[in-house]
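Engineer: Structure file upload.pdb, PDB, C-alpha atoms and all ligand atoms, is pasted below:
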```
ATOM      1  CA  MET A   1       6.658  22.843  11.738
ATOM      2  CA  MET A   2       6.251  19.871  13.999
ATOM      3  CA  GLY A   3       8.334  16.731  14.224
ATOM      4  CA  PRO A   4       7.295  13.229  13.160
ATOM      5  CA  LEU A   5       3.751  12.151  13.955
ATOM      6  CA  LEU A   6       3.289   8.788  15.628
ATOM      7  CA  THR A   7      -0.336   9.212  16.676
ATOM      8  CA  SER A   8      -2.793  11.929  15.735
ATOM      9  CA  GLU A   9      -5.026  13.442  18.418
ATOM     10  CA  LEU A  10      -7.976  15.473  17.173
ATOM     11  CA  SER A  11     -10.548  16.680  19.651
ATOM     12  CA  GLY A  12     -13.505  17.516  17.406
ATOM     13  CA  LEU A  13     -13.814  14.352  15.315
ATOM     14  CA  ARG A  14     -14.672  10.809  16.271
ATOM     15  CA  LEU A  15     -11.810   8.333  15.761
ATOM     16  CA  LEU A  16     -13.122   5.276  13.919
ATOM     17  CA  ASN A  17      -9.942   3.302  13.525
ATOM     18  CA  ARG A  18      -6.231   3.429  14.143
ATOM     19  CA  GLY A  19      -4.793   1.191  11.463
ATOM     20  CA  LYS A  20      -1.160   0.206  11.252
ATOM     21  CA  VAL A  21      -0.385   3.474   9.479
ATOM     22  CA  ARG A  22      -3.526   5.582   9.127
ATOM     23  CA  ASP A  23      -5.850   7.149  11.684
ATOM     24  CA  VAL A  24      -9.383   7.330  10.315
ATOM     25  CA  TYR A  25     -11.898   9.874  11.625
ATOM     26  CA  GLU A  26     -15.576  10.291  10.949
ATOM     27  CA  ILE A  27     -16.625  13.622   9.463
ATOM     28  CA  ASP A  28     -20.231  12.616   8.793
ATOM     29  CA  ALA A  29     -22.198   9.782   7.196
ATOM     30  CA  GLU A  30     -20.684  10.555   3.803
ATOM     31  CA  ARG A  31     -17.082  11.486   4.504
ATOM     32  CA  LEU A  32     -13.966  10.381   6.372
ATOM     33  CA  LEU A  33     -10.751  12.133   7.299
ATOM     34  CA  ILE A  34      -7.745   9.867   6.749
ATOM     35  CA  VAL A  35      -4.504  10.875   8.454
ATOM     36  CA  ALA A  36      -1.327   9.128   7.303
ATOM     37  CA  THR A  37       0.936   9.087  10.356
ATOM     38  CA  ASP A  38       4.672   8.356  10.342
ATOM     39  CA  ARG A  39       4.133   4.884  11.768
ATOM     40  CA  LEU A  40       5.928   2.068  10.015
ATOM     41  CA  SER A  41       5.008  -1.570  10.202
ATOM     42  CA  ALA A  42       7.548  -4.288   9.545
ATOM     43  CA  PHE A  43       6.602  -7.957   9.601
ATOM     44  CA  ASP A  44       3.059  -6.705  10.368
ATOM     45  CA  VAL A  45       4.094  -5.141  13.693
ATOM     46  CA  VAL A  46       4.072  -1.371  14.147
ATOM     47  CA  SER A  47       7.416   0.109  15.161
ATOM     48  CA  PRO A  48       7.517   2.455  18.172
ATOM     49  CA  THR A  49       9.848   4.751  16.197
ATOM     50  CA  PRO A  50       8.270   7.068  13.600
ATOM     51  CA  ILE A  51       9.853   7.719  10.195
ATOM     52  CA  PRO A  52       9.891  11.499   9.597
ATOM     53  CA  ASP A  53       7.760  12.596   6.623
ATOM     54  CA  LYS A  54       6.654   9.061   5.762
ATOM     55  CA  GLY A  55       2.964   9.971   6.069
ATOM     56  CA  ARG A  56       3.467  13.021   3.849
ATOM     57  CA  VAL A  57       5.245  10.943   1.231
ATOM     58  CA  LEU A  58       2.442   8.351   1.183
ATOM     59  CA  THR A  59      -0.189  11.066   0.940
ATOM     60  CA  ALA A  60       1.541  12.946  -1.869
ATOM     61  CA  LEU A  61       2.144   9.747  -3.824
ATOM     62  CA  SER A  62      -1.448   8.543  -3.465
ATOM     63  CA  ARG A  63      -2.745  11.956  -4.534
ATOM     64  CA  PHE A  64      -0.522  11.879  -7.578
ATOM     65  CA  TRP A  65      -1.622   8.398  -8.627
ATOM     66  CA  PHE A  66      -5.340   8.989  -8.036
ATOM     67  CA  GLY A  67      -5.041  11.867 -10.488
ATOM     68  CA  TYR A  68      -2.794  10.058 -12.937
ATOM     69  CA  LEU A  69      -5.073   7.019 -13.023
ATOM     70  CA  GLY A  70      -8.312   9.006 -13.041
ATOM     71  CA  GLY A  71      -9.070   7.947 -16.613
ATOM     72  CA  ILE A  72      -9.230   4.306 -15.534
ATOM     73  CA  THR A  73     -11.252   4.438 -12.348
ATOM     74  CA  ALA A  74     -13.221   6.612  -9.961
ATOM     75  CA  HIS A  75     -11.477   7.163  -6.612
ATOM     76  CA  HIS A  76     -12.415   8.224  -3.111
ATOM     77  CA  LEU A  77     -10.671  11.614  -2.929
ATOM     78  CA  THR A  78     -12.711  14.784  -2.563
ATOM     79  CA  ASP A  79     -11.215  18.207  -3.117
ATOM     80  CA  GLU A  80     -12.140  19.391   0.364
ATOM     81  CA  ASP A  81      -9.442  20.942   2.519
ATOM     82  CA  PRO A  82      -8.839  18.803   5.638
ATOM     83  CA  LEU A  83      -7.291  21.737   7.509
ATOM     84  CA  ALA A  84     -10.672  23.462   7.521
ATOM     85  CA  LEU A  85     -12.046  20.657   9.715
ATOM     86  CA  VAL A  86     -10.035  21.451  12.858
ATOM     87  CA  GLY A  87      -9.902  24.456  15.106
ATOM     88  CA  THR A  88      -6.395  24.880  16.444
ATOM     89  CA  ALA A  89      -2.960  25.445  14.946
ATOM     90  CA  ARG A  90      -1.693  22.379  16.802
ATOM     91  CA  GLU A  91      -4.299  20.216  15.102
ATOM     92  CA  ARG A  92      -3.670  21.790  11.706
ATOM     93  CA  ASP A  93       0.031  20.963  12.133
ATOM     94  CA  GLN A  94      -0.858  17.315  12.622
ATOM     95  CA  LEU A  95      -2.849  17.253   9.401
ATOM     96  CA  ALA A  96      -0.751  19.388   7.071
ATOM     97  CA  GLY A  97       0.344  17.448   4.006
ATOM     98  CA  ARG A  98      -0.698  14.074   5.392
ATOM     99  CA  SER A  99      -4.480  14.045   5.422
ATOM    100  CA  LEU A 100      -7.248  13.518   2.917
ATOM    101  CA  VAL A 101     -10.999  14.011   2.990
ATOM    102  CA  VAL A 102     -12.469  10.972   1.270
ATOM    103  CA  ARG A 103     -15.867   9.506   0.431
ATOM    104  CA  ARG A 104     -16.954   7.121   3.156
ATOM    105  CA  LEU A 105     -17.620   3.763   1.546
ATOM    106  CA  ALA A 106     -17.786   0.114   2.592
ATOM    107  CA  PRO A 107     -14.509  -1.550   1.513
ATOM    108  CA  LEU A 108     -14.871  -4.867  -0.307
ATOM    109  CA  PRO A 109     -13.598  -7.627   2.008
ATOM    110  CA  ILE A 110     -10.732  -8.616  -0.288
ATOM    111  CA  GLU A 111      -7.395  -7.131  -1.272
ATOM    112  CA  ALA A 112      -6.857  -6.735  -5.005
ATOM    113  CA  ILE A 113      -3.267  -7.770  -5.554
ATOM    114  CA  VAL A 114      -1.486  -7.606  -8.890
ATOM    115  CA  ARG A 115       1.917  -9.185  -9.447
ATOM    116  CA  GLY A 116       4.170  -8.323 -12.341
ATOM    117  CA  TYR A 117       7.131 -10.178 -10.805
ATOM    118  CA  LEU A 118       7.343 -13.410  -8.880
ATOM    119  CA  VAL A 119       8.357 -12.590  -5.313
ATOM    120  CA  GLY A 120       7.212 -12.836  -1.696
ATOM    121  CA  SER A 121       4.186 -15.028  -1.065
ATOM    122  CA  GLY A 122       3.725 -15.422  -4.843
ATOM    123  CA  TRP A 123       7.168 -16.991  -5.139
ATOM    124  CA  ARG A 124       6.524 -19.149  -2.085
ATOM    125  CA  ASP A 125       3.253 -20.496  -3.518
ATOM    126  CA  TYR A 126       4.790 -21.029  -6.967
ATOM    127  CA  ARG A 127       7.663 -23.049  -5.542
ATOM    128  CA  ARG A 128       5.249 -25.230  -3.646
ATOM    129  CA  GLY A 129       2.886 -26.061  -6.507
ATOM    130  CA  GLY A 130       3.673 -24.120  -9.696
ATOM    131  CA  GLU A 131       0.754 -21.785  -9.252
ATOM    132  CA  VAL A 132      -0.292 -18.595  -7.485
ATOM    133  CA  CYS A 133      -3.909 -18.153  -6.378
ATOM    134  CA  GLY A 134      -4.984 -20.892  -8.779
ATOM    135  CA  ILE A 135      -3.093 -19.381 -11.735
ATOM    136  CA  ARG A 136      -0.753 -21.877 -13.378
ATOM    137  CA  LEU A 137       2.635 -20.387 -14.290
ATOM    138  CA  PRO A 138       5.321 -21.762 -16.622
ATOM    139  CA  ASP A 139       7.950 -24.053 -15.123
ATOM    140  CA  GLY A 140      11.446 -22.871 -14.374
ATOM    141  CA  LEU A 141      10.757 -19.296 -13.286
ATOM    142  CA  ARG A 142      13.308 -17.761 -10.973
ATOM    143  CA  GLU A 143      12.683 -15.713  -7.851
ATOM    144  CA  ALA A 144      11.884 -12.053  -8.684
ATOM    145  CA  GLU A 145      11.450 -12.959 -12.355
ATOM    146  CA  ARG A 146       9.246 -10.742 -14.474
ATOM    147  CA  LEU A 147       6.026 -12.472 -15.526
ATOM    148  CA  GLU A 148       5.022 -12.553 -19.188
ATOM    149  CA  GLN A 149       1.704 -10.989 -18.146
ATOM    150  CA  PRO A 150       0.841  -9.462 -14.762
ATOM    151  CA  ILE A 151      -1.500 -11.686 -12.746
ATOM    152  CA  PHE A 152      -4.370 -10.860 -10.412
ATOM    153  CA  THR A 153      -3.958 -12.681  -7.087
ATOM    154  CA  PRO A 154      -6.559 -11.638  -4.498
ATOM    155  CA  SER A 155      -6.204 -12.155  -0.780
ATOM    156  CA  THR A 156      -8.435 -11.989   2.248
ATOM    157  CA  LYS A 157      -8.392  -8.849   4.364
ATOM    158  CA  ALA A 158      -7.259 -10.233   7.686
ATOM    159  CA  ALA A 159      -8.426  -8.719  10.964
ATOM    160  CA  ALA A 160      -5.854  -6.823  13.043
ATOM    161  CA  GLY A 161      -2.967  -9.025  14.123
ATOM    162  CA  ALA A 162      -3.663 -11.763  11.582
ATOM    163  CA  HIS A 163      -1.993 -12.249   8.201
ATOM    164  CA  ASP A 164      -3.736 -11.922   4.856
ATOM    165  CA  GLU A 165      -4.159 -15.165   2.971
ATOM    166  CA  ASN A 166      -3.900 -15.683  -0.781
ATOM    167  CA  ILE A 167      -7.141 -17.009  -2.273
ATOM    168  CA  ASP A 168      -8.173 -18.028  -5.758
ATOM    169  CA  PHE A 169     -10.603 -16.162  -7.977
ATOM    170  CA  GLU A 170     -13.481 -18.509  -7.068
ATOM    171  CA  GLN A 171     -13.089 -17.915  -3.342
ATOM    172  CA  ALA A 172     -12.907 -14.154  -3.897
ATOM    173  CA  SER A 173     -16.018 -14.341  -6.088
ATOM    174  CA  ARG A 174     -17.900 -16.109  -3.332
ATOM    175  CA  ALA A 175     -17.016 -13.228  -0.990
ATOM    176  CA  VAL A 176     -18.022 -10.321  -3.229
ATOM    177  CA  GLY A 177     -19.903 -11.740  -6.222
ATOM    178  CA  ARG A 178     -18.510 -12.917  -9.531
ATOM    179  CA  ASP A 179     -19.517  -9.905 -11.582
ATOM    180  CA  THR A 180     -17.916  -7.504  -9.103
ATOM    181  CA  MET A 181     -14.815  -9.658  -8.912
ATOM    182  CA  GLU A 182     -14.440  -9.669 -12.679
ATOM    183  CA  ARG A 183     -14.605  -5.904 -12.708
ATOM    184  CA  VAL A 184     -12.103  -5.655  -9.839
ATOM    185  CA  ARG A 185      -9.679  -7.911 -11.697
ATOM    186  CA  GLU A 186      -9.987  -5.994 -14.940
ATOM    187  CA  LEU A 187      -9.556  -2.605 -13.260
ATOM    188  CA  SER A 188      -6.666  -3.729 -11.044
ATOM    189  CA  LEU A 189      -4.730  -5.095 -14.003
ATOM    190  CA  ARG A 190      -5.255  -1.910 -15.985
ATOM    191  CA  LEU A 191      -4.178   0.236 -13.039
ATOM    192  CA  TYR A 192      -1.075  -1.852 -12.486
ATOM    193  CA  ARG A 193      -0.087  -1.805 -16.152
ATOM    194  CA  GLN A 194      -0.404   1.936 -16.475
ATOM    195  CA  ALA A 195       1.340   2.721 -13.175
ATOM    196  CA  ALA A 196       4.144   0.210 -13.757
ATOM    197  CA  ARG A 197       4.787   1.528 -17.259
ATOM    198  CA  TYR A 198       5.036   5.072 -15.942
ATOM    199  CA  ALA A 199       7.200   4.142 -12.936
ATOM    200  CA  LEU A 200       9.667   2.375 -15.204
ATOM    201  CA  THR A 201      10.241   5.617 -17.101
ATOM    202  CA  ARG A 202      11.316   7.058 -13.734
ATOM    203  CA  GLY A 203      13.661   4.207 -12.891
ATOM    204  CA  ILE A 204      11.363   2.268 -10.570
ATOM    205  CA  ILE A 205       9.992  -1.231 -10.990
ATOM    206  CA  ILE A 206       6.640  -1.754  -9.296
ATOM    207  CA  ALA A 207       6.994  -5.470  -8.676
ATOM    208  CA  ASP A 208       3.546  -5.941  -7.196
ATOM    209  CA  THR A 209       0.815  -3.955  -5.515
ATOM    210  CA  LYS A 210      -2.299  -4.112  -3.402
ATOM    211  CA  CYS A 211      -5.394  -2.033  -4.157
ATOM    212  CA  GLU A 212      -8.638  -1.723  -2.257
ATOM    213  CA  PHE A 213     -12.032  -1.048  -3.777
ATOM    214  CA  ALA A 214     -15.515  -0.192  -2.567
ATOM    215  CA  LEU A 215     -18.901  -0.013  -4.289
ATOM    216  CA  ASP A 216     -20.775   3.275  -4.254
ATOM    217  CA  ARG A 217     -24.562   3.544  -4.131
ATOM    218  CA  SER A 218     -24.909   3.250  -7.878
ATOM    219  CA  GLY A 219     -22.914   0.008  -7.826
ATOM    220  CA  ALA A 220     -19.827   1.579  -9.407
ATOM    221  CA  LEU A 221     -16.388   0.506  -8.203
ATOM    222  CA  VAL A 222     -14.349   3.152  -6.433
ATOM    223  CA  LEU A 223     -10.627   2.913  -5.728
ATOM    224  CA  ILE A 224     -10.031   3.693  -2.031
ATOM    225  CA  ASP A 225      -7.280   3.641   0.621
ATOM    226  CA  GLU A 226      -3.792   4.336  -0.805
ATOM    227  CA  VAL A 227      -2.391   3.492  -4.248
ATOM    228  CA  PHE A 228       1.066   2.633  -5.569
ATOM    229  CA  THR A 229       2.936   3.751  -2.473
ATOM    230  CA  PRO A 230       5.978   1.934  -1.090
ATOM    231  CA  ASP A 231       3.693   0.642   1.693
ATOM    232  CA  SER A 232       1.162  -0.934  -0.658
ATOM    233  CA  SER A 233       3.627  -2.019  -3.352
ATOM    234  CA  ARG A 234       7.128  -3.381  -3.813
ATOM    235  CA  PHE A 235       9.258  -0.667  -5.392
ATOM    236  CA  TRP A 236      12.619  -1.761  -6.769
ATOM    237  CA  PRO A 237      15.281   0.367  -8.397
ATOM    238  CA  ALA A 238      15.234  -0.596 -12.098
ATOM    239  CA  ASP A 239      19.001  -0.222 -12.133
ATOM    240  CA  GLY A 240      20.706  -3.530 -11.605
ATOM    241  CA  TYR A 241      17.538  -5.631 -11.667
ATOM    242  CA  ALA A 242      18.186  -9.254 -12.580
ATOM    243  CA  PRO A 243      15.932 -12.285 -12.074
ATOM    244  CA  GLY A 244      17.137 -14.835  -9.545
ATOM    245  CA  ARG A 245      17.924 -12.265  -6.892
ATOM    246  CA  VAL A 246      15.429 -10.102  -4.969
ATOM    247  CA  PRO A 247      16.454  -6.451  -5.231
ATOM    248  CA  ALA A 248      16.634  -4.415  -2.026
ATOM    249  CA  SER A 249      13.295  -2.656  -2.010
ATOM    250  CA  PHE A 250      13.100   1.086  -1.882
ATOM    251  CA  ASP A 251      11.804   1.523   1.581
ATOM    252  CA  LYS A 252      11.703  -0.965   4.405
ATOM    253  CA  GLN A 253      14.709  -3.030   3.528
ATOM    254  CA  TYR A 254      16.915  -1.226   6.064
ATOM    255  CA  VAL A 255      14.383  -1.773   8.766
ATOM    256  CA  ARG A 256      13.872  -5.429   7.943
ATOM    257  CA  ASP A 257      17.616  -6.055   7.718
ATOM    258  CA  TYR A 258      18.190  -4.349  11.041
ATOM    259  CA  LEU A 259      15.423  -6.320  12.756
ATOM    260  CA  GLU A 260      16.777  -9.589  11.329
ATOM    261  CA  ARG A 261      20.299  -8.679  12.423
ATOM    262  CA  ILE A 262      19.359  -8.072  16.048
ATOM    263  CA  GLY A 263      17.374 -11.312  16.086
ATOM    264  CA  TRP A 264      13.981  -9.879  17.057
ATOM    265  CA  ASP A 265      11.427 -12.713  17.228
ATOM    266  CA  LYS A 266       8.848 -10.660  15.216
ATOM    267  CA  ARG A 267       6.391 -10.711  18.049
ATOM    268  CA  PRO A 268       5.110  -7.413  19.433
ATOM    269  CA  PRO A 269       6.330  -5.109  20.768
ATOM    270  CA  ALA A 270       8.845  -4.201  18.063
ATOM    271  CA  PRO A 271      12.164  -2.743  19.252
ATOM    272  CA  ALA A 272      12.994   0.949  18.757
ATOM    273  CA  LEU A 273      15.006   1.777  15.650
ATOM    274  CA  PRO A 274      18.434   3.450  15.795
ATOM    275  CA  ASP A 275      18.836   6.920  14.279
ATOM    276  CA  GLU A 276      20.762   5.814  11.215
ATOM    277  CA  VAL A 277      18.114   3.235  10.248
ATOM    278  CA  VAL A 278      15.416   5.883  10.677
ATOM    279  CA  ALA A 279      17.339   8.448   8.614
ATOM    280  CA  GLU A 280      18.100   6.025   5.792
ATOM    281  CA  THR A 281      14.497   4.793   5.675
ATOM    282  CA  ALA A 282      13.145   8.357   5.611
ATOM    283  CA  ARG A 283      15.575   9.148   2.797
ATOM    284  CA  LYS A 284      14.337   6.197   0.744
ATOM    285  CA  TYR A 285      10.685   7.177   1.129
ATOM    286  CA  ARG A 286      11.478  10.742   0.036
ATOM    287  CA  GLU A 287      13.480   9.433  -2.883
ATOM    288  CA  ALA A 288      10.538   7.360  -4.107
ATOM    289  CA  LEU A 289       8.371  10.478  -4.109
ATOM    290  CA  GLU A 290      10.989  12.619  -5.831
ATOM    291  CA  ARG A 291      11.573  10.050  -8.526
ATOM    292  CA  LEU A 292       7.910   9.412  -9.273
ATOM    293  CA  VAL A 293       6.227  12.783  -9.003
ATOM    294  CA  PRO A 294       7.378  15.321 -11.594
TER
HETATM  295  N1  LIG A 301     -12.876   5.608   1.368
HETATM  296  C1  LIG A 301     -12.821   4.742   2.383
HETATM  297  N2  LIG A 301     -13.942   4.386   3.040
HETATM  298  C2  LIG A 301     -13.914   3.525   4.096
HETATM  299  N3  LIG A 301     -12.762   2.956   4.574
HETATM  300  C3  LIG A 301     -11.604   3.273   3.965
HETATM  301  C4  LIG A 301     -11.571   4.179   2.846
HETATM  302  N4  LIG A 301     -10.276   4.287   2.443
HETATM  303  C5  LIG A 301      -9.543   3.505   3.269
HETATM  304  N5  LIG A 301     -10.318   2.887   4.195
HETATM  305  C6  LIG A 301      -9.875   1.991   5.263
HETATM  306  O1  LIG A 301      -9.088   2.761   6.175
HETATM  307  C7  LIG A 301      -8.056   1.964   6.758
HETATM  308  C8  LIG A 301      -6.710   2.637   6.567
HETATM  309  O2  LIG A 301      -5.832   2.366   7.621
HETATM  310  P1  LIG A 301      -4.477   1.554   7.456
HETATM  311  O3  LIG A 301      -4.065   1.473   6.037
HETATM  312  O4  LIG A 301      -3.543   2.074   8.459
HETATM  313  O5  LIG A 301      -5.045   0.177   7.915
HETATM  314  P2  LIG A 301      -4.303  -1.188   7.967
HETATM  315  O6  LIG A 301      -3.537  -1.341   9.190
HETATM  316  O7  LIG A 301      -3.719  -1.449   6.630
HETATM  317  O8  LIG A 301      -5.578  -1.973   8.277
HETATM  318  P3  LIG A 301      -6.357  -2.936   7.424
HETATM  319  O9  LIG A 301      -5.674  -4.224   7.777
HETATM  320  O10 LIG A 301      -7.752  -2.778   7.944
HETATM  321  O11 LIG A 301      -6.178  -2.486   5.978
HETATM  322  C9  LIG A 301      -8.118   0.607   6.063
HETATM  323  O12 LIG A 301      -8.817  -0.288   6.901
HETATM  324  C10 LIG A 301      -8.949   0.883   4.803
HETATM  325  O13 LIG A 301      -9.682  -0.244   4.390
HETATM  326 MG    MG A 302      -3.551  -0.312   4.851
END
```
For the structure just supplied, provide its representation as structure tokens.
Ligand SMILES: Nc1ncnc2c1ncn2[C@@H]1O[C@H](COP(=O)(O)OP(=O)(O)OP(=O)(O)O)[C@@H](O)[C@H]1O
Ligand SMILES: [Mg+2]

Structural biologist:
Amino acid sequence: MMGPLLTSELSGLRLLNRGKVRDVYEIDAERLLIVATDRLSAFDVVSPTPIPDKGRVLTALSRFWFGYLGGITAHHLTDEDPLALVGTARERDQLAGRSLVVRRLAPLPIEAIVRGYLVGSGWRDYRRGGEVCGIRLPDGLREAERLEQPIFTPSTKAAAGAHDENIDFEQASRAVGRDTMERVRELSLRLYRQAARYALTRGIIIADTKCEFALDRSGALVLIDEVFTPDSSRFWPADGYAPGRVPASFDKQYVRDYLERIGWDKRPPAPALPDEVVAETARKYREALERLVP
């Protein structure tokens, strides 16, 4: 067994992209290899310190959800074994448990965000004007309050280094077409409802989430990237939830608190993380997996 993986290095495949968390390799015109590393990003900057097993947790959770939600939408997973793609034991070690062979598709240029609770940029926008992404909400809601109905609040997909921006349904429709956008909204809301209902039975509130979709050749929507992981969603312990106060989230709270405490200016490079912050964060990621996956 190898230690945490900050950066994958595979000799036989072309690297297409190192994202904040995932390294994406080309297999051929139809397929990609996605490797979830142990990189963590906080305040949109990647930390130099890996979180052991984080990539495995994200991979196992996404796999679980793609299966669980299979009745609602097609997804990008294939059943091919990624380990068969590389030649050496050292390379297989890098991939084990943290890699997926997926259909290579063109991602839609928007992020499909669903909010069941009013927090983060949703709360910020609501306080400013009573609405989020053009959706009017009742007066008097408190921070982290549960919404009567989940809302679909798309955002742009910002280029590396920039921040995503909330947009309204019209702007999103101009980017991808109204018919597609209506289908994305419908699917995203159904996915969120089903996942959130399930997670609650396991003691976790999924406060909000971000999904990504692509169109396949037949024009069908396909769910891609990762789904309902602590990186793409806000997970809160259901225990002790009360509106008016933002619960400590499952995962990055320790990291964020630490970085605030030491007064980092949130500009790259991010400082290294001390052992106890790393250990506690790794524990929280593993706990999310253990709670959610039977
Ligand atoms: N099936 C797929 N086909 C093509 N691209 C995909 C597929 N699934 C995921 N991707 C892309 O792979 C990348 C995954 O890397 P990662 O999540 O680390 O990126 P990121 O830092 O979040 O970057 P981005 O801001 O581009 O999302 C994302 O850009 C995502 O859009
Ligand atoms: Mg991503």

Engineer: Could you please determine the separation between CA of Ser233 (chain A) and CA of Gly177 (chain A) in Å, to one decimal place?

Structural biologist: 25.6 Å

Engineer: Residues contacting ligand LIG 301 (chain A) - anything with an atom at most 6 Å away, using only C-alpha atoms and all ligand atoms - can you give me those as a PDB file with C-alpha atoms, keeping the file's coordinate frame?

Structural biologist:
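Generated output (part29.pdb):
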```pdb
ATOM      1  CA  GLY A  19      -4.793   1.191  11.463  1.00  0.00           C
ATOM      2  CA  LYS A  20      -1.160   0.206  11.252  1.00  0.00           C
ATOM      3  CA  VAL A  21      -0.385   3.474   9.479  1.00  0.00           C
ATOM      4  CA  ARG A  22      -3.526   5.582   9.127  1.00  0.00           C
ATOM      5  CA  HIS A  76     -12.415   8.224  -3.111  1.00  0.00           C
ATOM      6  CA  VAL A 102     -12.469  10.972   1.270  1.00  0.00           C
ATOM      7  CA  ARG A 103     -15.867   9.506   0.431  1.00  0.00           C
ATOM      8  CA  ARG A 104     -16.954   7.121   3.156  1.00  0.00           C
ATOM      9  CA  LEU A 105     -17.620   3.763   1.546  1.00  0.00           C
ATOM     10  CA  ALA A 106     -17.786   0.114   2.592  1.00  0.00           C
ATOM     11  CA  PRO A 107     -14.509  -1.550   1.513  1.00  0.00           C
ATOM     12  CA  ALA A 160      -5.854  -6.823  13.043  1.00  0.00           C
ATOM     13  CA  ILE A 224     -10.031   3.693  -2.031  1.00  0.00           C
ATOM     14  CA  ASP A 225      -7.280   3.641   0.621  1.00  0.00           C
TER      15      ASP A 225
END
```

Engineer: List the neighbours of Ile262 (chain A) out to 10 Å using all atoms listed in the file; skip same-chain residues closer than 4 positions along the sequence, and give me the result as an MDAnalysis selection string.

Structural biologist: chainID A and resid 257:258 271

Engineer: Include C-alpha atoms and write out the residues we just selected as an mmCIF file, keeping the file's coordinate frame.

Structural biologist:
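Generated output (result.cif):
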```cif
data_model
loop_
_atom_site.group_PDB
_atom_site.id
_atom_site.type_symbol
_atom_site.label_atom_id
_atom_site.label_comp_id
_atom_site.auth_asym_id
_atom_site.auth_seq_id
_atom_site.Cartn_x
_atom_site.Cartn_y
_atom_site.Cartn_z
ATOM 1 C CA ASP A 257 17.616 -6.055 7.718
ATOM 2 C CA TYR A 258 18.190 -4.349 11.041
ATOM 3 C CA PRO A 271 12.164 -2.743 19.252
#
```

Engineer: Kindly indicate which residue among A:Leu40, A:Leu187, A:Leu6, A:Leu69 lies nearest to ligand MG 302 (chain A), using all atoms listed in the file for the distances.

Structural biologist: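 Selected residue with least distance to ligand MG 302 (chain A): A:Leu40.
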
Engineer: Kindly resolve the PyMOL selection byres (((not hetatm)) within 12 of (chain A and resi 302)) on the present coordinates and return the residues as a ChimeraX atom specification.

Structural biologist: /A:17-24,34-37,39-41,44,58,107,111,157-160,164,209-212,224-233

Engineer: Hey, can you check how far CA of Arg136 (chain A) sits from CA of Pro154 (chain A)?

Structural biologist: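 Answer for the CA of Arg136 (chain A) to CA of Pro154 (chain A) separation: 14.7 Å.
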
Engineer: Select from region 189-271 of chain A every residue with an atom at most 7 Å from any atom of region 137-147 of chain A, then for each give the shortest pair of atoms and their distance in Å to one decimal, using all atoms listed in the file, rows by chain and rising number, as a tab-separated table.

Structural biologist:
```
residue	atom	partner	partner_atom	distance
A:Pro243	CA	A:Glu145	CA	4.5
A:Gly244	CA	A:Glu143	CA	4.8
A:Arg245	CA	A:Ala144	CA	6.3
A:Val246	CA	A:Ala144	CA	5.5
```

Engineer: Between A:Arg193, A:Ala175, A:Ser99, A:Ala207, which residue has the minimum interatomic distance to Gly122 (chain A), considering only C-alpha atoms?

Structural biologist: A:Ala207

Engineer: Find the residue from A:Asp179, A:Glu170, A:Asp239, A:Asp265 that sits nearest to Leu221 (chain A); use all atoms listed in the file when measuring.

Structural biologist: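 Answer, going by the shortest atom-to-atom distance: A:Asp179.
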
Engineer: Closest to Tyr241 (chain A) among A:Tyr117, A:Asp38, A:Glu280, A:Leu13, using all atoms listed in the file?

Structural biologist: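 Of A:Tyr117, A:Asp38, A:Glu280, A:Leu13, the one nearest Tyr241 (chain A) is A:Tyr117, counting all atoms listed in the file.
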
Engineer: Using only C-alpha atoms, which of the listed residues (A:Leu100, A:Leu61, A:Val119, A:Ala196) sits closest to Ala238 (chain A)?

Structural biologist: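 Once distances to Ala238 (chain A) are computed over only C-alpha atoms, the minimum belongs to A:Ala196.
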
Engineer: Looking at all atoms listed in the file, which of A:Arg267, A:Arg14, A:Arg202, A:Arg183 is the one that sits closest to Ala112 (chain A)?

Structural biologist: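 With all atoms listed in the file as the atom set, the closest residue is A:Arg183.
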
Engineer: For Arg185 (chain A), work out the shell of residues within 9 Å, counting all atoms listed in the file and skipping chain neighbours fewer than 2 positions away, then give it as an mmCIF file with C-alpha atoms, keeping the file's coordinate frame.

Structural biologist:
```
data_model
loop_
_atom_site.group_PDB
_atom_site.id
_atom_site.type_symbol
_atom_site.label_atom_id
_atom_site.label_comp_id
_atom_site.auth_asym_id
_atom_site.auth_seq_id
_atom_site.Cartn_x
_atom_site.Cartn_y
_atom_site.Cartn_z
ATOM 1 C CA ALA A 112 -6.857 -6.735 -5.005
ATOM 2 C CA ILE A 113 -3.267 -7.770 -5.554
ATOM 3 C CA VAL A 114 -1.486 -7.606 -8.890
ATOM 4 C CA PHE A 152 -4.370 -10.860 -10.412
ATOM 5 C CA THR A 153 -3.958 -12.681 -7.087
ATOM 6 C CA PRO A 154 -6.559 -11.638 -4.498
ATOM 7 C CA THR A 180 -17.916 -7.504 -9.103
ATOM 8 C CA MET A 181 -14.815 -9.658 -8.912
ATOM 9 C CA GLU A 182 -14.440 -9.669 -12.679
ATOM 10 C CA ARG A 183 -14.605 -5.904 -12.708
ATOM 11 C CA LEU A 187 -9.556 -2.605 -13.260
ATOM 12 C CA SER A 188 -6.666 -3.729 -11.044
ATOM 13 C CA LEU A 189 -4.730 -5.095 -14.003
ATOM 14 C CA ARG A 190 -5.255 -1.910 -15.985
#
```

Engineer: Could you tell me how far CA of Met2 (chain A) sits from CA of Leu33 (chain A), in Å to one decimal place?

Structural biologist: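 A separation of 19.8 Å between them.
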
Engineer: Excluding same-chain residues fewer than 4 positions from Pro268 (chain A), what lies within 10 Å of it counting all atoms listed in the file, as number ranges by chain?

Structural biologist: A: 43-47, 161, 264

Engineer: The PyMOL selection byres (((chain A and resi 74) around 12) and not hetatm) on the file shown: which residues, as a ChimeraX atom specification?

Structural biologist: /A:65-73,75-78,103,187,191,213-216,219-224
